[in-house]
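What follows is a single structure, written as C-alpha cells, with notes after it.
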Amino acid sequence: MTNHVANIVRGSIVWYELMTTDADGAGAFYNAVVGWTLSGHDPHSPIDYRHFLRSNGSNAGGVLQLTADMQAEGAHSAWVPYFAVEDVDAATAAILADGGRALGPRMDIAEGSFAMVTDPSGTPFYLMRPIPPQDAPDAVSDAFSRDKVQHVRWNDLLTPDLPGALAFYARHFGFDLAQVMPMGPAGNYHFINHHGLMLGGIMERQNEADLPLWRAYFGVPSALAARAAIEAHGGTVLAEPHEVPGGDWVVVARDPQGALFGVVGPRGE
C-alpha cells in the first residue's frame with residue numbers, strides 16, 4: 001500500500017480495498033474490465049493481501065483474499081474505501097458513540113494505522129492515519145481522480161437512512177452535502193463536496209434487499225466496451241450504460257464474486 005497523503009485532510013479517500021472470495025478470479029475480471037494487473041502474493045505475509053496495478057505500474061488498490069474464518073464471521077466480497085483521519089482511535093470512539101460499530105481492532109503497518117468500522121446503518125469502511133514513504137514525505141494519494149482511467153472517479157452510497165447518513169458523514173468527515181439533484185420517485189441525490197472536490201453522492205436505497213455499501217466507479221476509456229467485458233467475464237450488469245451529468249456514461253455491475261462496483265467514462269463503441 002503506497003501513495004498515501006502526507007498532510008492529512010479528514011475525510012479524504014486515500015485507498016480502496018477489494019475484499020473477495022477469489023483473488024485470482026477477481027484479478028482476471030478487473031484486468032479485462034478496467035485494465036489492472038493483480039500483483040503476486042507475498043509468501044511472508046500472514047494474510048493473502050495483494051494489489052491492483054495500473055498500466056503504468058502504480059497502485060490502484062488492495063485485494064484481500066477472504067479466509068473461511070472471515071466469511072464465517074460475515075465478511076463478503078465488497079469494495080471498501082479508506083477515509084483519512086488524524087487519530088484512528090479518537091475517530092473510532094466518536095463513530096461508536098454515534099451508533100457505528102467496530103469490525104476489528106486498530107492495526108499498525110509501515111504505511112499507517114487503520115481500523116474497519118461501520119456507520120449506524122451498517123455500511124463498512126476503514127479509518128486510516130496514513131504515513132507517507134520516507135523517500136517521498138510530501139506524497140499525495142492518487143487513489144481517487146475525477147478524470148483519469150484506471151482510477152476511482154466517483155463514489156456513492158445508497159443508504160437505508162438518508163437523513164442519518166447525511167448528518168453522520170458531514171459530522172465525521174466534513175462532507176458538504178448541500179448540493180442536491182432530484183431523482184424523481186427515487187428521491188434526492190446529495191453530492192459530496194469535500195474541500196472543493198466532488199467525490200460522489202448519497203441517496204436513499206430503493207431496494208431493501210441491497211446491503212448498505214459504498215460503491216466505487218472506475219474510470220474506463222469506453223463504457224460500452226467495459227459493459228461487454230463485464231458480461232463476457234462472468235460479471236452481472238445491474239444498470240445498463242446511461243449518460244450522467246457532464247457527458248460521461250456509467251455502468252453499474254457486480255463482479256463474479258458479488259462485489260458491487262461501477263465504471264465511468266466516454267460512451268465509446
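Ligands are numbered from 1 in the order shown, chains are lettered A, B, ... in the order of the C-alpha cells, and residues start at 1 in each chain.
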Which residues of stretch 2-72 of chain A sit at most 12 Å from stretch 163-169 of chain A, using only C-alpha atoms? Give each one's shortest atom pair and distance in Å (one decimal place), in chain and ascending residue order, as JSON lines.
{"residue": "A:Arg10", "atom": "CA", "partner": "A:Tyr169", "partner_atom": "CA", "distance": 11.1}
{"residue": "A:Gly11", "atom": "CA", "partner": "A:Tyr169", "partner_atom": "CA", "distance": 8.7}
{"residue": "A:Ser12", "atom": "CA", "partner": "A:Tyr169", "partner_atom": "CA", "distance": 11.8}
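DSSP, applied to the backbone of this structure, assigns helix (DSSP H, G or I) to the following residues of stretch 26-157 of chain A: Ala26, Gly27, Ala28, Phe29, Tyr30, Asn31, Ala32, Val33, Ala68, Asp69, Met70, Gln71, Ala72, Val88, Asp89, Ala90, Ala91, Thr92, Ala93, Ala94, Ile95, Leu96 and Ala97 of chain A.
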Save the residues we just selected, C-alpha atoms, as a PDB file, in the first residue's frame?
ATOM      1  CA  ALA A  26     -11.128 -11.054  -9.400  1.00  0.00           C
ATOM      2  CA  GLY A  27      -7.707 -10.258 -10.848  1.00  0.00           C
ATOM      3  CA  ALA A  28      -8.628 -11.737 -14.208  1.00  0.00           C
ATOM      4  CA  PHE A  29     -12.005  -9.983 -14.194  1.00  0.00           C
ATOM      5  CA  TYR A  30     -10.751  -6.470 -13.424  1.00  0.00           C
ATOM      6  CA  ASN A  31      -7.880  -6.892 -15.856  1.00  0.00           C
ATOM      7  CA  ALA A  32     -10.451  -7.442 -18.603  1.00  0.00           C
ATOM      8  CA  VAL A  33     -12.816  -4.667 -17.470  1.00  0.00           C
ATOM      9  CA  ALA A  68     -13.097 -19.190   5.559  1.00  0.00           C
ATOM     10  CA  ASP A  69     -12.995 -17.774   9.090  1.00  0.00           C
ATOM     11  CA  MET A  70     -13.540 -14.216   7.816  1.00  0.00           C
ATOM     12  CA  GLN A  71     -16.521 -15.380   5.772  1.00  0.00           C
ATOM     13  CA  ALA A  72     -17.933 -17.302   8.727  1.00  0.00           C
ATOM     14  CA  VAL A  88      -7.734   6.421  14.350  1.00  0.00           C
ATOM     15  CA  ASP A  89      -8.579   5.701  17.987  1.00  0.00           C
ATOM     16  CA  ALA A  90     -10.341   9.026  18.520  1.00  0.00           C
ATOM     17  CA  ALA A  91     -12.238   8.745  15.230  1.00  0.00           C
ATOM     18  CA  THR A  92     -13.295   5.184  16.056  1.00  0.00           C
ATOM     19  CA  ALA A  93     -14.521   6.215  19.502  1.00  0.00           C
ATOM     20  CA  ALA A  94     -16.540   9.074  18.018  1.00  0.00           C
ATOM     21  CA  ILE A  95     -18.151   6.770  15.457  1.00  0.00           C
ATOM     22  CA  LEU A  96     -19.026   4.156  18.089  1.00  0.00           C
ATOM     23  CA  ALA A  97     -20.575   6.868  20.245  1.00  0.00           C
TER      24      ALA A  97
END
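With only C-alpha atoms as the atoms that count, the minimum distance from A:Ile131 to the choices A:Trp249, A:Tyr49, A:Trp79, A:Phe114 is reached by A:Phe114.
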Contacts of A:Ser77 within 9 Å, only C-alpha atoms, excl. fewer than 2 positions in-chain, as a PyMOL selection string | chain A and resi 18-22+66+75+79+255+257-260
Excluding stretch 223-239 of chain A and any residue of its chain fewer than 2 positions from it, enumerate the residues within 8 Å of it, using only C-alpha atoms, and give them as a ChimeraX atom specification.
-> /A:29,32-34,220-221,241-242,249-256,263-269
Store the residues picked out above, limited to N, CA, C and O atoms, as a compact mmCIF listing (two decimals), in the first residue's frame.
# COMPACT_ATOMS: atom_id res chain seq x y z
N PHE A 29 -10.83 -10.76 -13.83
CA PHE A 29 -12.00 -9.98 -14.19
C PHE A 29 -11.67 -8.51 -14.35
O PHE A 29 -12.00 -7.88 -15.37
N ALA A 32 -9.67 -7.53 -17.37
CA ALA A 32 -10.45 -7.44 -18.60
C ALA A 32 -11.32 -6.19 -18.65
O ALA A 32 -11.49 -5.58 -19.70
N VAL A 33 -11.85 -5.77 -17.50
CA VAL A 33 -12.82 -4.67 -17.47
C VAL A 33 -12.12 -3.31 -17.34
O VAL A 33 -12.50 -2.35 -18.03
N VAL A 34 -11.13 -3.22 -16.46
CA VAL A 34 -10.51 -1.92 -16.15
C VAL A 34 -9.08 -1.82 -16.68
O VAL A 34 -8.60 -0.72 -16.93
N VAL A 220 -12.84 4.21 -17.15
CA VAL A 220 -12.55 3.37 -18.31
C VAL A 220 -12.60 4.22 -19.58
O VAL A 220 -13.25 5.26 -19.60
N PRO A 221 -11.91 3.81 -20.65
CA PRO A 221 -11.94 4.59 -21.89
C PRO A 221 -13.22 4.43 -22.68
O PRO A 221 -13.52 5.25 -23.55
N PRO A 241 -25.61 0.91 -19.62
CA PRO A 241 -24.93 2.19 -19.86
C PRO A 241 -25.93 3.34 -19.99
O PRO A 241 -26.90 3.26 -20.74
N HIS A 242 -25.66 4.40 -19.23
CA HIS A 242 -26.53 5.58 -19.29
C HIS A 242 -25.69 6.83 -19.06
O HIS A 242 -24.69 6.80 -18.33
N TRP A 249 -20.59 8.35 -19.35
CA TRP A 249 -21.54 7.24 -19.32
C TRP A 249 -21.13 6.29 -18.18
O TRP A 249 -19.95 6.12 -17.91
N VAL A 250 -22.13 5.69 -17.55
CA VAL A 250 -21.93 4.87 -16.36
C VAL A 250 -22.58 3.51 -16.55
O VAL A 250 -23.64 3.39 -17.18
N VAL A 251 -21.93 2.49 -16.02
CA VAL A 251 -22.50 1.14 -15.93
C VAL A 251 -22.34 0.69 -14.48
O VAL A 251 -21.28 0.91 -13.88
N VAL A 252 -23.37 0.09 -13.91
CA VAL A 252 -23.30 -0.47 -12.55
C VAL A 252 -23.38 -1.98 -12.66
O VAL A 252 -24.18 -2.52 -13.44
N ALA A 253 -22.55 -2.68 -11.87
CA ALA A 253 -22.47 -4.13 -12.02
C ALA A 253 -22.01 -4.80 -10.73
O ALA A 253 -21.66 -4.13 -9.76
N ARG A 254 -22.03 -6.12 -10.75
CA ARG A 254 -21.38 -6.93 -9.71
C ARG A 254 -20.32 -7.79 -10.39
O ARG A 254 -20.52 -8.29 -11.50
N ASP A 255 -19.20 -7.96 -9.70
CA ASP A 255 -18.17 -8.83 -10.25
C ASP A 255 -18.56 -10.29 -10.00
O ASP A 255 -19.57 -10.57 -9.33
N PRO A 256 -17.82 -11.26 -10.54
CA PRO A 256 -18.22 -12.67 -10.40
C PRO A 256 -18.30 -13.15 -8.95
O PRO A 256 -18.99 -14.13 -8.66
N VAL A 263 -18.47 1.51 -13.49
CA VAL A 263 -17.44 2.07 -14.38
C VAL A 263 -18.00 3.36 -14.96
O VAL A 263 -19.21 3.53 -15.10
N VAL A 264 -17.08 4.28 -15.29
CA VAL A 264 -17.49 5.58 -15.83
C VAL A 264 -16.47 6.04 -16.86
O VAL A 264 -15.28 5.84 -16.69
N GLY A 265 -16.98 6.60 -17.94
CA GLY A 265 -16.11 7.11 -18.99
C GLY A 265 -16.91 7.50 -20.21
O GLY A 265 -18.15 7.54 -20.17
N PRO A 266 -16.24 7.80 -21.31
CA PRO A 266 -16.96 8.08 -22.56
C PRO A 266 -17.81 6.88 -22.97
O PRO A 266 -17.52 5.74 -22.60
N ARG A 267 -18.85 7.15 -23.77
CA ARG A 267 -19.71 6.06 -24.23
C ARG A 267 -18.91 5.02 -25.00
O ARG A 267 -19.03 3.83 -24.77
N GLY A 268 -18.05 5.46 -25.93
CA GLY A 268 -17.24 4.56 -26.71
C GLY A 268 -18.03 3.71 -27.67
O GLY A 268 -19.21 3.98 -27.94
N GLU A 269 -17.39 2.70 -28.17
CA GLU A 269 -18.02 1.82 -29.15
C GLU A 269 -17.97 0.36 -28.66
O GLU A 269 -17.15 0.01 -27.85
Select from stretch 49-227 of chain A everything DSSP, run on the backbone, classes as strand (DSSP E or B), then give the selection as a ChimeraX atom specification.
-> /A:49-53,59-65,78-84,101-102,107-109,112-118,124-130,144,152-159,176,180-182,188-194,197-204,214-219
So how many Å separate atom CA of A:Leu177 and atom CA of A:Gly200, to one decimal?
-> 10.0 Å
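We find atom CA of A:Leu162 and atom CA of A:Ala216 to be spaced 18.6 Å apart.
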Would you list the contacts of A:Gly61 as a ChimeraX atom specification, taking every protein, DNA or RNA residue within 8 Å and counting only C-alpha atoms, but skipping same-chain residues closer than 2 positions in sequence?
-> /A:1,15-18,51-53,59,63,143
Output for the residues just chosen: all heavy atoms as a short mmCIF file (atom, residue, chain, number, x, y, z; two decimals), in the first residue's frame:
data_model
loop_
_atom_site.label_atom_id
_atom_site.label_comp_id
_atom_site.auth_asym_id
_atom_site.auth_seq_id
_atom_site.Cartn_x
_atom_site.Cartn_y
_atom_site.Cartn_z
N MET A 1 0.85 -1.17 0.00
CA MET A 1 0.00 0.00 0.00
C MET A 1 0.90 1.23 0.00
O MET A 1 1.72 1.40 0.89
CB MET A 1 -0.89 -0.01 1.24
CG MET A 1 -2.01 1.00 1.23
SD MET A 1 -2.95 0.95 2.78
CE MET A 1 -3.51 -0.74 2.80
N TRP A 15 -7.38 5.26 -0.07
CA TRP A 15 -7.12 3.89 -0.52
C TRP A 15 -8.46 3.20 -0.76
O TRP A 15 -9.49 3.62 -0.21
CB TRP A 15 -6.32 3.12 0.53
CG TRP A 15 -5.76 1.77 0.12
CD1 TRP A 15 -6.14 0.55 0.59
CD2 TRP A 15 -4.72 1.52 -0.82
NE1 TRP A 15 -5.40 -0.44 0.01
CE2 TRP A 15 -4.51 0.13 -0.87
CE3 TRP A 15 -3.94 2.35 -1.64
CZ2 TRP A 15 -3.56 -0.47 -1.69
CZ3 TRP A 15 -2.99 1.76 -2.46
CH2 TRP A 15 -2.80 0.37 -2.49
N TYR A 16 -8.44 2.18 -1.58
CA TYR A 16 -9.60 1.32 -1.81
C TYR A 16 -9.15 -0.12 -1.69
O TYR A 16 -8.03 -0.47 -2.08
CB TYR A 16 -10.21 1.54 -3.20
CG TYR A 16 -10.83 2.88 -3.40
CD1 TYR A 16 -10.07 3.96 -3.86
CD2 TYR A 16 -12.17 3.10 -3.13
CE1 TYR A 16 -10.63 5.21 -4.05
CE2 TYR A 16 -12.75 4.35 -3.32
CZ TYR A 16 -11.97 5.40 -3.78
OH TYR A 16 -12.54 6.64 -3.96
N GLU A 17 -10.04 -0.95 -1.16
CA GLU A 17 -9.71 -2.37 -0.99
C GLU A 17 -10.86 -3.23 -1.49
O GLU A 17 -12.02 -2.99 -1.16
CB GLU A 17 -9.45 -2.65 0.48
CG GLU A 17 -9.15 -4.11 0.81
CD GLU A 17 -8.85 -4.25 2.29
OE1 GLU A 17 -7.77 -3.78 2.71
OE2 GLU A 17 -9.70 -4.79 3.03
N LEU A 18 -10.51 -4.23 -2.27
CA LEU A 18 -11.48 -5.25 -2.66
C LEU A 18 -11.32 -6.44 -1.73
O LEU A 18 -10.28 -7.10 -1.73
CB LEU A 18 -11.26 -5.68 -4.11
CG LEU A 18 -12.14 -6.87 -4.57
CD1 LEU A 18 -13.62 -6.49 -4.56
CD2 LEU A 18 -11.71 -7.36 -5.95
N HIS A 51 -2.19 -6.36 -4.61
CA HIS A 51 -2.51 -5.03 -5.12
C HIS A 51 -2.96 -5.12 -6.57
O HIS A 51 -2.48 -5.98 -7.33
CB HIS A 51 -1.29 -4.10 -5.05
CG HIS A 51 -0.80 -3.87 -3.67
ND1 HIS A 51 0.17 -4.64 -3.08
CD2 HIS A 51 -1.15 -2.94 -2.73
CE1 HIS A 51 0.41 -4.21 -1.85
NE2 HIS A 51 -0.39 -3.19 -1.61
N PHE A 52 -3.87 -4.22 -6.94
CA PHE A 52 -4.16 -3.98 -8.35
C PHE A 52 -3.19 -2.92 -8.83
O PHE A 52 -3.06 -1.85 -8.22
CB PHE A 52 -5.60 -3.49 -8.54
CG PHE A 52 -6.63 -4.58 -8.53
CD1 PHE A 52 -7.76 -4.47 -7.73
CD2 PHE A 52 -6.48 -5.71 -9.33
CE1 PHE A 52 -8.73 -5.47 -7.73
CE2 PHE A 52 -7.44 -6.72 -9.32
CZ PHE A 52 -8.56 -6.60 -8.53
N LEU A 53 -2.52 -3.20 -9.94
CA LEU A 53 -1.56 -2.27 -10.52
C LEU A 53 -2.10 -1.71 -11.83
O LEU A 53 -2.63 -2.45 -12.66
CB LEU A 53 -0.23 -2.99 -10.78
CG LEU A 53 0.41 -3.67 -9.57
CD1 LEU A 53 1.67 -4.40 -9.99
CD2 LEU A 53 0.70 -2.67 -8.47
N ASN A 59 -0.07 1.77 -7.90
CA ASN A 59 -1.08 1.01 -7.17
C ASN A 59 -2.47 1.62 -7.35
O ASN A 59 -2.66 2.81 -7.15
CB ASN A 59 -0.76 0.98 -5.68
CG ASN A 59 0.31 -0.03 -5.35
OD1 ASN A 59 0.35 -1.12 -5.91
ND2 ASN A 59 1.20 0.32 -4.44
N VAL A 63 -6.21 -5.87 -2.53
CA VAL A 63 -7.07 -7.03 -2.73
C VAL A 63 -6.84 -7.98 -1.56
O VAL A 63 -5.74 -8.52 -1.38
CB VAL A 63 -6.76 -7.75 -4.06
CG1 VAL A 63 -7.70 -8.94 -4.24
CG2 VAL A 63 -6.87 -6.79 -5.24
N ALA A 143 -5.42 7.58 -5.26
CA ALA A 143 -6.44 6.54 -5.36
C ALA A 143 -7.69 7.06 -6.07
O ALA A 143 -8.33 6.32 -6.83
CB ALA A 143 -6.80 6.03 -3.97
#
Long-range neighbours of stretch 146-161 of chain A as a PyMOL selection string, 6 Å cut-off, only C-alpha atoms, 3 positions minimum in chain | chain A and resi 164+199-205+212+214-220
For the selection you just gave me, I'd like the residues written to a file as a PDB file, in the first residue's frame, keeping N, CA, C and O atoms.
ATOM      1  N   GLY A 164     -30.032  10.294   8.344  1.00  0.00           N
ATOM      2  CA  GLY A 164     -28.989   9.879   9.279  1.00  0.00           C
ATOM      3  C   GLY A 164     -27.622   9.844   8.635  1.00  0.00           C
ATOM      4  O   GLY A 164     -26.624  10.268   9.229  1.00  0.00           O
ATOM      5  N   LEU A 199     -16.635  14.247  -4.669  1.00  0.00           N
ATOM      6  CA  LEU A 199     -16.264  12.843  -4.506  1.00  0.00           C
ATOM      7  C   LEU A 199     -17.316  11.865  -4.991  1.00  0.00           C
ATOM      8  O   LEU A 199     -16.997  10.735  -5.350  1.00  0.00           O
ATOM      9  N   GLY A 200     -18.601  12.277  -4.986  1.00  0.00           N
ATOM     10  CA  GLY A 200     -19.670  11.349  -5.335  1.00  0.00           C
ATOM     11  C   GLY A 200     -20.983  11.839  -4.791  1.00  0.00           C
ATOM     12  O   GLY A 200     -21.263  13.038  -4.804  1.00  0.00           O
ATOM     13  N   GLY A 201     -21.800  10.899  -4.280  1.00  0.00           N
ATOM     14  CA  GLY A 201     -23.105  11.299  -3.778  1.00  0.00           C
ATOM     15  C   GLY A 201     -23.717  10.269  -2.849  1.00  0.00           C
ATOM     16  O   GLY A 201     -23.249   9.126  -2.757  1.00  0.00           O
ATOM     17  N   ILE A 202     -24.773  10.679  -2.152  1.00  0.00           N
ATOM     18  CA  ILE A 202     -25.506   9.821  -1.217  1.00  0.00           C
ATOM     19  C   ILE A 202     -26.996   9.956  -1.507  1.00  0.00           C
ATOM     20  O   ILE A 202     -27.498  11.064  -1.703  1.00  0.00           O
ATOM     21  N   MET A 203     -27.692   8.814  -1.553  1.00  0.00           N
ATOM     22  CA  MET A 203     -29.135   8.841  -1.739  1.00  0.00           C
ATOM     23  C   MET A 203     -29.762   7.648  -1.038  1.00  0.00           C
ATOM     24  O   MET A 203     -29.073   6.715  -0.604  1.00  0.00           O
ATOM     25  N   GLU A 204     -31.081   7.678  -0.911  1.00  0.00           N
ATOM     26  CA  GLU A 204     -31.828   6.582  -0.273  1.00  0.00           C
ATOM     27  C   GLU A 204     -31.801   5.363  -1.182  1.00  0.00           C
ATOM     28  O   GLU A 204     -31.984   5.457  -2.395  1.00  0.00           O
ATOM     29  N   ARG A 205     -31.565   4.190  -0.609  1.00  0.00           N
ATOM     30  CA  ARG A 205     -31.601   2.975  -1.414  1.00  0.00           C
ATOM     31  C   ARG A 205     -33.049   2.671  -1.795  1.00  0.00           C
ATOM     32  O   ARG A 205     -33.993   2.977  -1.058  1.00  0.00           O
ATOM     33  N   PRO A 212     -26.151  -2.036   2.648  1.00  0.00           N
ATOM     34  CA  PRO A 212     -25.583  -0.686   2.619  1.00  0.00           C
ATOM     35  C   PRO A 212     -24.075  -0.759   2.366  1.00  0.00           C
ATOM     36  O   PRO A 212     -23.326  -1.287   3.191  1.00  0.00           O
ATOM     37  N   TRP A 214     -20.623   1.343   0.208  1.00  0.00           N
ATOM     38  CA  TRP A 214     -20.078   2.346  -0.690  1.00  0.00           C
ATOM     39  C   TRP A 214     -19.785   1.692  -2.031  1.00  0.00           C
ATOM     40  O   TRP A 214     -19.341   0.536  -2.091  1.00  0.00           O
ATOM     41  N   ARG A 215     -20.047   2.411  -3.102  1.00  0.00           N
ATOM     42  CA  ARG A 215     -19.828   1.887  -4.459  1.00  0.00           C
ATOM     43  C   ARG A 215     -18.803   2.782  -5.168  1.00  0.00           C
ATOM     44  O   ARG A 215     -18.978   3.994  -5.258  1.00  0.00           O
ATOM     45  N   ALA A 216     -17.728   2.164  -5.633  1.00  0.00           N
ATOM     46  CA  ALA A 216     -16.680   2.893  -6.348  1.00  0.00           C
ATOM     47  C   ALA A 216     -16.885   2.721  -7.854  1.00  0.00           C
ATOM     48  O   ALA A 216     -17.250   1.640  -8.329  1.00  0.00           O
ATOM     49  N   TYR A 217     -16.656   3.819  -8.602  1.00  0.00           N
ATOM     50  CA  TYR A 217     -16.765   3.806 -10.059  1.00  0.00           C
ATOM     51  C   TYR A 217     -15.371   3.990 -10.652  1.00  0.00           C
ATOM     52  O   TYR A 217     -14.706   5.004 -10.393  1.00  0.00           O
ATOM     53  N   PHE A 218     -14.944   3.038 -11.473  1.00  0.00           N
ATOM     54  CA  PHE A 218     -13.600   3.051 -12.025  1.00  0.00           C
ATOM     55  C   PHE A 218     -13.602   3.671 -13.418  1.00  0.00           C
ATOM     56  O   PHE A 218     -14.475   3.380 -14.249  1.00  0.00           O
ATOM     57  N   GLY A 219     -12.603   4.512 -13.670  1.00  0.00           N
ATOM     58  CA  GLY A 219     -12.506   5.168 -14.965  1.00  0.00           C
ATOM     59  C   GLY A 219     -12.092   4.196 -16.062  1.00  0.00           C
ATOM     60  O   GLY A 219     -11.126   3.442 -15.913  1.00  0.00           O
ATOM     61  N   VAL A 220     -12.841   4.213 -17.155  1.00  0.00           N
ATOM     62  CA  VAL A 220     -12.553   3.368 -18.310  1.00  0.00           C
ATOM     63  C   VAL A 220     -12.596   4.224 -19.580  1.00  0.00           C
ATOM     64  O   VAL A 220     -13.251   5.264 -19.602  1.00  0.00           O
TER      65      VAL A 220
END
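Residues with any atom within 6 Å of stretch 101-107 of chain A, counting only C-alpha atoms and excluding same-chain neighbours fewer than 2 positions away, are Leu96, Ser113, Phe114, Ala115, Met116, Val117 and Thr118 of chain A.
The coordinates place atom CA of A:Gln65 at 26.7 Å from atom CA of A:Val140.
Among the candidates A:Asn188, A:Asn56, A:Ser222, A:Thr37, the one nearest to A:Gln206 when counting only C-alpha atoms is A:Asn188.
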